[in-house]
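J.: My questions will all concern the structure given below.
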Amino acid sequence: GAAMYSAAAPPPRRDFISVTLSPEEAVGAGGYNNSKAWRRRSCWRKWKQLSRLQRSVILFLFAFLAVCAVISYTSIGDPWKSLTNKALDDPRAEAEAPGLKLANPAVLPAPQKADANLGDYPKLSPQKPPKPPPVRRGPSNLQIRSLRRPKPRQNPSRAVEVPVQANKEEKTEKSVISWRGAVIEPDQSTEPPSNKVKEPEKPSSVESEDQKEPVPLNDRQMAVIEAFRHAWKGYKEFAWGHDELKPLSKSYSEWFGLGLTLIDALDTMWILGLKEEFEEARKWVENDLVFDKNVDVNLFESTIRILGGLLSTYHLSGDSLFLEKAKDIGNRLMPAFKTPSKIPYSDVNIGRGTAHPPRWTSDSTVAEVTSIQLEFRELSRLTGDEKFQKAVDEVMKQVHTLSGKNDGLVPMFINTNSGQFTHLGVYTLGARADSYYEYLLKQWIQGGKKENELLEDYMRAIEGVKKHLLQRSQPKQLIFVGELAHGHFSAKMDHLVCFLPGTLALGAHNGLTADHMKLAEALIETCYQMYAQVETGLSPEIVHFNLHTQKGHKDVEIKPADRHNLLRPETVESLFYMYRFTGDKKYQDWGWEILQNFNKYTRVPTGGYTSINNVQNPRNPEPRDKMESFFLGETLKYMFLLFSDDVDLINLDKYVFNTEAHPLPIWVPA
Ligand code: DMJ
């Protein structure tokens, strides 16, 4: 190649000849004047011919041009960037994609559809507590299908508009209610009721009934139906129309002589879909239930079981017979409120229209006078007669302002003359105080979450529980609710207290602090252990928790006087709420264990179930020969609801259960 080059090229210069040429270049070099090699050579030659100064000037110019090029490149990017910012500054863009502008614009691509990025940005409604996972797992409706009920005999939906006292006090402001960490979003609460009373709207469950697909019952629900039928068999055969079955002696006992078990069980039969049994019981109510009797009844017990049972059955069935009976008993109970203080007496003679306190005292029980409100308030709403509501609201108003509370915790007695608490200094969530706390929350829910005093009292009381009554047991560290007597803590807990986890969970579901749900979860575990740690797997009436580790000792200790079981509902009730709100199947499993143990130790072969005297002796639990009405009214009802996956089977956003498990409607705006 060098030879060919030298033949065609000008005389070589050493430094130049050293350039390596490919054959093609050589050809080109020989053949074409405008070849790259030639141009390169001539440029280089010219460069070499320049003076040092000239070269410096040229180099400077090159450098200057390079700087200009960089600057102009940057300014070419600017219109791109400003376009992006313009789009973000556009208020319409902001409206379409709120919050988008706050994102780092540097990383934004060209403007794009606003909602493409929205999923990444949480909506700003932080006051709503996170919803529990939906529990509905099967086809909806059960109640409806299972009701297999008669058509309502009378459509109760005609509106009668009458003013009601409590509604006059309504405050329509929609401010956020807040109490020491409890925040209730106004949107969550229902509209304040109008000041007109309505005949009941057809309950939603009844309305939608015919359109809903039947939900097949599962095996556990079938087992509850079987248990109910077995209990009913005994009642029907040996105690029909009487208060309680005595299943061993195949007879009955009377308390008020008003068919207590039959009335308490009416809505359970409805919910379980026991149409024939329901029809038969209805006939008894129509033909044989007479309140015009010279008999003393306990105001609280007859309100929660009879008035409550009749009202809920009326709502579920739409049958006006039950409303008529409810009005009758409601009116007959009113003399109880004629006291110097307006705090009602414990007993009423429903035939004579007279009332009196127990023989030995003029005191009433606090839980009793504060756990009749749901029923009387609903009776006012249904009848348009405000006297029922006025009477029970007056009690709450007085109790709200009374002294003698301890951080929201109330004593157990109240005097009907003075209207003051008595026997001060003893605080429990068990007998004589329990449902006071339950009804604070439930009245607030019933009335559409607008009666702030009720909520305040409830929240304060739960703080009081946390401050004074909670302790941990040994060895399992179970959180339990003890009692306080004149400053001394006692590790005693009634089974009755096991309503509390369910109530706390209901409050949390209605927007109260999530902290309540945590406590509910801890307490329901404790209530379950009150069954699981006992020989029969059934809880005694009262337990004492161990505060100190002792070798061979469980958390739960039982005193001989406390080892009976009355077939009470509270733990199963709370299991139902916990399952509804969490969907955690363990609660169903615990309830299933309890049902099996009731079957094992309390079932009487000839019909019925019985209370037992000794939960610690599986070989002889010592049957007591009595089936309490709440076993059918509450325990089996809550079992059935616990095993259901249908949240519309007594939807807890539409109904509130009274303390005897009778569902009453939550008041909705007119
Ligand atoms: C029922 O009558 C009610 O649940 C009441 O609130 C407490 N006692 C019994 C059930 O244990």
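We name chains A, B, ... following the order of the structure tokens; residues begin at 1 in each chain, and ligands are numbered from 1 as shown.
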Counting only C-alpha atoms and all ligand atoms, name the residues that have an atom within 8 Å of an atom of ligand 1; the answer should be given as a PyMOL selection string.

T.: chain A and resi 301+304-305+431+434-435+496+566-570+630+634+659-661

J.: Residues near A:Lys637, anyone? I mean within 10 Å using only C-alpha atoms, not counting same-chain ones fewer than 5 positions away, as a PDB file with N, CA and C atoms, in the first residue's frame.

T.:
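File around00.pdb, as written:
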ATOM      1  N   VAL A 224     -77.991 -26.057  66.271  1.00  0.00           N
ATOM      2  CA  VAL A 224     -78.685 -25.120  67.170  1.00  0.00           C
ATOM      3  C   VAL A 224     -80.197 -25.338  67.057  1.00  0.00           C
ATOM      4  N   ILE A 225     -80.665 -25.519  65.845  1.00  0.00           N
ATOM      5  CA  ILE A 225     -82.102 -25.754  65.657  1.00  0.00           C
ATOM      6  C   ILE A 225     -82.521 -27.034  66.386  1.00  0.00           C
ATOM      7  N   PHE A 228     -82.680 -26.252  70.011  1.00  0.00           N
ATOM      8  CA  PHE A 228     -83.872 -25.472  70.340  1.00  0.00           C
ATOM      9  C   PHE A 228     -85.101 -26.381  70.373  1.00  0.00           C
ATOM     10  N   ALA A 265     -88.881 -16.598  73.749  1.00  0.00           N
ATOM     11  CA  ALA A 265     -88.406 -17.436  72.633  1.00  0.00           C
ATOM     12  C   ALA A 265     -89.046 -17.086  71.290  1.00  0.00           C
ATOM     13  N   ASP A 267     -89.030 -14.484  69.111  1.00  0.00           N
ATOM     14  CA  ASP A 267     -88.205 -14.009  67.985  1.00  0.00           C
ATOM     15  C   ASP A 267     -87.071 -14.978  67.657  1.00  0.00           C
ATOM     16  N   THR A 268     -86.688 -15.804  68.634  1.00  0.00           N
ATOM     17  CA  THR A 268     -85.691 -16.839  68.324  1.00  0.00           C
ATOM     18  C   THR A 268     -86.280 -17.822  67.310  1.00  0.00           C
ATOM     19  N   MET A 269     -87.522 -18.213  67.542  1.00  0.00           N
ATOM     20  CA  MET A 269     -88.172 -19.136  66.598  1.00  0.00           C
ATOM     21  C   MET A 269     -88.270 -18.496  65.223  1.00  0.00           C
ATOM     22  N   ILE A 271     -86.280 -16.219  63.945  1.00  0.00           N
ATOM     23  CA  ILE A 271     -84.941 -16.147  63.332  1.00  0.00           C
ATOM     24  C   ILE A 271     -84.456 -17.537  62.898  1.00  0.00           C
ATOM     25  N   LEU A 272     -84.777 -18.542  63.701  1.00  0.00           N
ATOM     26  CA  LEU A 272     -84.355 -19.902  63.347  1.00  0.00           C
ATOM     27  C   LEU A 272     -85.226 -20.499  62.234  1.00  0.00           C
ATOM     28  N   PRO A 569     -76.036 -16.461  78.592  1.00  0.00           N
ATOM     29  CA  PRO A 569     -75.638 -16.177  77.212  1.00  0.00           C
ATOM     30  C   PRO A 569     -74.392 -15.309  77.019  1.00  0.00           C
ATOM     31  N   VAL A 572     -71.374 -16.269  74.721  1.00  0.00           N
ATOM     32  CA  VAL A 572     -71.804 -16.571  73.346  1.00  0.00           C
ATOM     33  C   VAL A 572     -72.235 -15.285  72.634  1.00  0.00           C
ATOM     34  N   GLU A 573     -72.874 -14.413  73.375  1.00  0.00           N
ATOM     35  CA  GLU A 573     -73.276 -13.106  72.832  1.00  0.00           C
ATOM     36  C   GLU A 573     -72.052 -12.351  72.321  1.00  0.00           C
ATOM     37  N   PHE A 576     -70.532 -13.793  69.250  1.00  0.00           N
ATOM     38  CA  PHE A 576     -71.291 -13.394  68.054  1.00  0.00           C
ATOM     39  C   PHE A 576     -70.818 -12.037  67.525  1.00  0.00           C
ATOM     40  N   PHE A 630     -83.903 -17.247  79.371  1.00  0.00           N
ATOM     41  CA  PHE A 630     -82.895 -16.651  78.483  1.00  0.00           C
ATOM     42  C   PHE A 630     -82.074 -17.683  77.715  1.00  0.00           C
ATOM     43  N   PHE A 631     -82.202 -18.961  78.104  1.00  0.00           N
ATOM     44  CA  PHE A 631     -81.502 -19.970  77.307  1.00  0.00           C
ATOM     45  C   PHE A 631     -82.092 -20.006  75.878  1.00  0.00           C
ATOM     46  N   LEU A 632     -83.396 -19.893  75.783  1.00  0.00           N
ATOM     47  CA  LEU A 632     -84.035 -19.850  74.457  1.00  0.00           C
ATOM     48  C   LEU A 632     -84.054 -18.432  73.887  1.00  0.00           C
ATOM     49  N   LEU A 642     -74.127 -16.568  65.643  1.00  0.00           N
ATOM     50  CA  LEU A 642     -72.671 -16.741  65.607  1.00  0.00           C
ATOM     51  C   LEU A 642     -72.251 -17.672  64.474  1.00  0.00           C
ATOM     52  N   ALA A 661     -81.391  -9.944  74.271  1.00  0.00           N
ATOM     53  CA  ALA A 661     -81.186 -10.417  72.881  1.00  0.00           C
ATOM     54  C   ALA A 661     -82.392 -10.219  71.978  1.00  0.00           C
ATOM     55  N   HIS A 662     -83.229  -9.249  72.292  1.00  0.00           N
ATOM     56  CA  HIS A 662     -84.347  -8.947  71.399  1.00  0.00           C
ATOM     57  C   HIS A 662     -83.964  -7.751  70.515  1.00  0.00           C
TER      58      HIS A 662
END

J.: With distances taken over only C-alpha atoms, which of A:Met412, A:Leu575, A:Val668, A:Met493 is nearest to A:Glu557?

T.: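 So, comparing all the options, the nearest one is A:Met493.
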
J.: Using only C-alpha atoms, determine which residues lie at most 10 Å from A:Phe489, disregarding the query and same-chain residues fewer than 3 positions distant; provide the list as a VMD selection string.

T.: chain A and resid 426 to 427 468 to 471 482 to 486 492

J.: The selected residues should be written to file as a short mmCIF file (atom, residue, chain, number, x, y, z; two decimals), in the first residue's frame (atoms: all heavy atoms).

T.:
data_model
loop_
_atom_site.label_atom_id
_atom_site.label_comp_id
_atom_site.auth_asym_id
_atom_site.auth_seq_id
_atom_site.Cartn_x
_atom_site.Cartn_y
_atom_site.Cartn_z
N VAL A 426 -68.56 0.76 95.94
CA VAL A 426 -68.36 -0.57 95.36
C VAL A 426 -68.64 -0.49 93.87
O VAL A 426 -69.71 -0.03 93.45
CB VAL A 426 -69.29 -1.62 96.02
CG1 VAL A 426 -69.06 -3.00 95.42
CG2 VAL A 426 -69.07 -1.64 97.53
N TYR A 427 -67.69 -0.95 93.07
CA TYR A 427 -67.83 -0.83 91.61
C TYR A 427 -67.57 -2.16 90.93
O TYR A 427 -66.56 -2.82 91.19
CB TYR A 427 -66.85 0.23 91.08
CG TYR A 427 -67.06 1.57 91.76
CD1 TYR A 427 -66.23 1.97 92.80
CD2 TYR A 427 -68.12 2.40 91.40
CE1 TYR A 427 -66.43 3.17 93.46
CE2 TYR A 427 -68.34 3.60 92.05
CZ TYR A 427 -67.49 3.98 93.08
OH TYR A 427 -67.71 5.17 93.73
N HIS A 468 -59.38 1.33 86.82
CA HIS A 468 -59.57 0.74 88.16
C HIS A 468 -59.79 -0.77 88.17
O HIS A 468 -59.58 -1.40 89.19
CB HIS A 468 -60.79 1.38 88.84
CG HIS A 468 -60.66 2.85 89.03
ND1 HIS A 468 -59.78 3.40 89.94
CD2 HIS A 468 -61.28 3.89 88.42
CE1 HIS A 468 -59.87 4.73 89.90
NE2 HIS A 468 -60.78 5.04 88.97
N LEU A 469 -60.28 -1.32 87.08
CA LEU A 469 -60.77 -2.70 87.18
C LEU A 469 -59.99 -3.73 86.37
O LEU A 469 -60.23 -4.92 86.52
CB LEU A 469 -62.27 -2.75 86.76
CG LEU A 469 -63.22 -1.85 87.55
CD1 LEU A 469 -64.67 -2.06 87.10
CD2 LEU A 469 -63.12 -2.11 89.05
N LEU A 470 -59.11 -3.31 85.49
CA LEU A 470 -58.39 -4.29 84.67
C LEU A 470 -57.15 -4.81 85.39
O LEU A 470 -56.42 -4.05 86.01
CB LEU A 470 -57.96 -3.67 83.34
CG LEU A 470 -59.04 -3.34 82.32
CD1 LEU A 470 -58.38 -2.92 81.00
CD2 LEU A 470 -59.99 -4.51 82.08
N GLN A 471 -56.96 -6.11 85.26
CA GLN A 471 -55.76 -6.74 85.80
C GLN A 471 -55.39 -7.92 84.91
O GLN A 471 -56.22 -8.35 84.11
CB GLN A 471 -56.03 -7.26 87.22
CG GLN A 471 -55.64 -6.29 88.33
CD GLN A 471 -54.13 -6.16 88.48
OE1 GLN A 471 -53.35 -6.77 87.74
NE2 GLN A 471 -53.71 -5.32 89.44
N GLY A 482 -61.98 -6.95 87.20
CA GLY A 482 -62.26 -7.28 88.59
C GLY A 482 -63.24 -6.28 89.20
O GLY A 482 -63.98 -5.61 88.47
N GLU A 483 -63.26 -6.21 90.52
CA GLU A 483 -64.17 -5.29 91.21
C GLU A 483 -63.38 -4.43 92.19
O GLU A 483 -62.28 -4.79 92.60
CB GLU A 483 -65.25 -6.10 91.95
CG GLU A 483 -66.09 -6.92 90.99
CD GLU A 483 -67.23 -7.66 91.67
OE1 GLU A 483 -67.32 -7.64 92.92
OE2 GLU A 483 -68.04 -8.26 90.93
N LEU A 484 -63.99 -3.32 92.54
CA LEU A 484 -63.35 -2.40 93.47
C LEU A 484 -64.31 -2.16 94.63
O LEU A 484 -65.46 -1.78 94.41
CB LEU A 484 -63.07 -1.08 92.74
CG LEU A 484 -62.08 -0.12 93.36
CD1 LEU A 484 -60.67 -0.73 93.38
CD2 LEU A 484 -62.06 1.19 92.57
N ALA A 485 -63.86 -2.43 95.84
CA ALA A 485 -64.70 -2.19 97.01
C ALA A 485 -63.94 -1.31 97.99
O ALA A 485 -62.96 -1.77 98.59
CB ALA A 485 -65.09 -3.51 97.68
N HIS A 486 -64.38 -0.08 98.08
CA HIS A 486 -63.77 0.89 98.99
C HIS A 486 -62.25 0.93 98.82
O HIS A 486 -61.48 0.82 99.77
CB HIS A 486 -64.14 0.56 100.43
CG HIS A 486 -65.62 0.35 100.59
ND1 HIS A 486 -66.53 1.37 100.44
CD2 HIS A 486 -66.36 -0.78 100.81
CE1 HIS A 486 -67.75 0.89 100.59
NE2 HIS A 486 -67.68 -0.40 100.81
N LYS A 492 -62.30 -10.82 91.35
CA LYS A 492 -63.54 -11.57 91.12
C LYS A 492 -64.22 -11.07 89.85
O LYS A 492 -64.33 -9.87 89.63
CB LYS A 492 -64.45 -11.35 92.33
CG LYS A 492 -65.92 -11.69 92.12
CD LYS A 492 -66.71 -11.39 93.39
CE LYS A 492 -68.19 -11.69 93.22
NZ LYS A 492 -68.94 -10.59 92.60
#

J.: Can you list, as JSON, numbers by chain, all residues belonging to stretch 349-458 of chain A that DSSP tags as alpha helix (DSSP H)?

T.: {"A": [366, 367, 368, 369, 373, 374, 375, 376, 377, 378, 379, 380, 381, 382, 383, 387, 388, 389, 390, 391, 392, 393, 394, 395, 396, 397, 398, 399, 400, 401, 434, 435, 436, 437, 438, 439, 440, 441, 442, 443, 444, 445, 446, 452, 453, 454, 455, 456, 457, 458]}

J.: Which one of A:Val399, A:Val497, A:Met578, A:Leu424 sits closest to A:Ser341 if you count only C-alpha atoms?

T.: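 Result for the nearest residue to A:Ser341: A:Val399.
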
J.: Any idea what the distance is between atom CA of A:Trp592 and atom CA of A:Tyr609?

T.: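 Separation of atom CA of A:Trp592 and atom CA of A:Tyr609: 16.7 Å.
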
J.: Could you give me, as a ChimeraX atom specification, each residue of stretch 215-296 of chain A that DSSP assigns to strand (DSSP E) when run on this structure's backbone?

T.: /A:244-246,251-253,296

J.: Counting only C-alpha atoms, figure out which residue out of A:Arg52, A:Glu324, A:Asn406, A:Leu217 gets nearest to A:Asp646.

T.: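 That would be A:Leu217, the residue with the smallest distance to A:Asp646.
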
J.: Each residue of stretch 575-601 of chain A lying at most 10 Å from stretch 524-535 of chain A should get a row with its shortest atom-to-atom pair and the distance in Å to one decimal, counting only C-alpha atoms; could you produce that, ordered by chain and increasing number, as a Markdown table?

T.:
| residue | atom | partner | partner_atom | distance |
| --- | --- | --- | --- | --- |
| A:Leu575 | CA | A:Ile524 | CA | 7.1 |
| A:Met578 | CA | A:Ile524 | CA | 8.2 |
| A:Tyr587 | CA | A:Ile524 | CA | 9.0 |
| A:Trp590 | CA | A:Tyr528 | CA | 7.1 |
| A:Gly591 | CA | A:Tyr528 | CA | 8.8 |
| A:Glu593 | CA | A:Ala532 | CA | 8.9 |
| A:Ile594 | CA | A:Tyr531 | CA | 7.6 |
| A:Asn597 | CA | A:Tyr531 | CA | 9.5 |
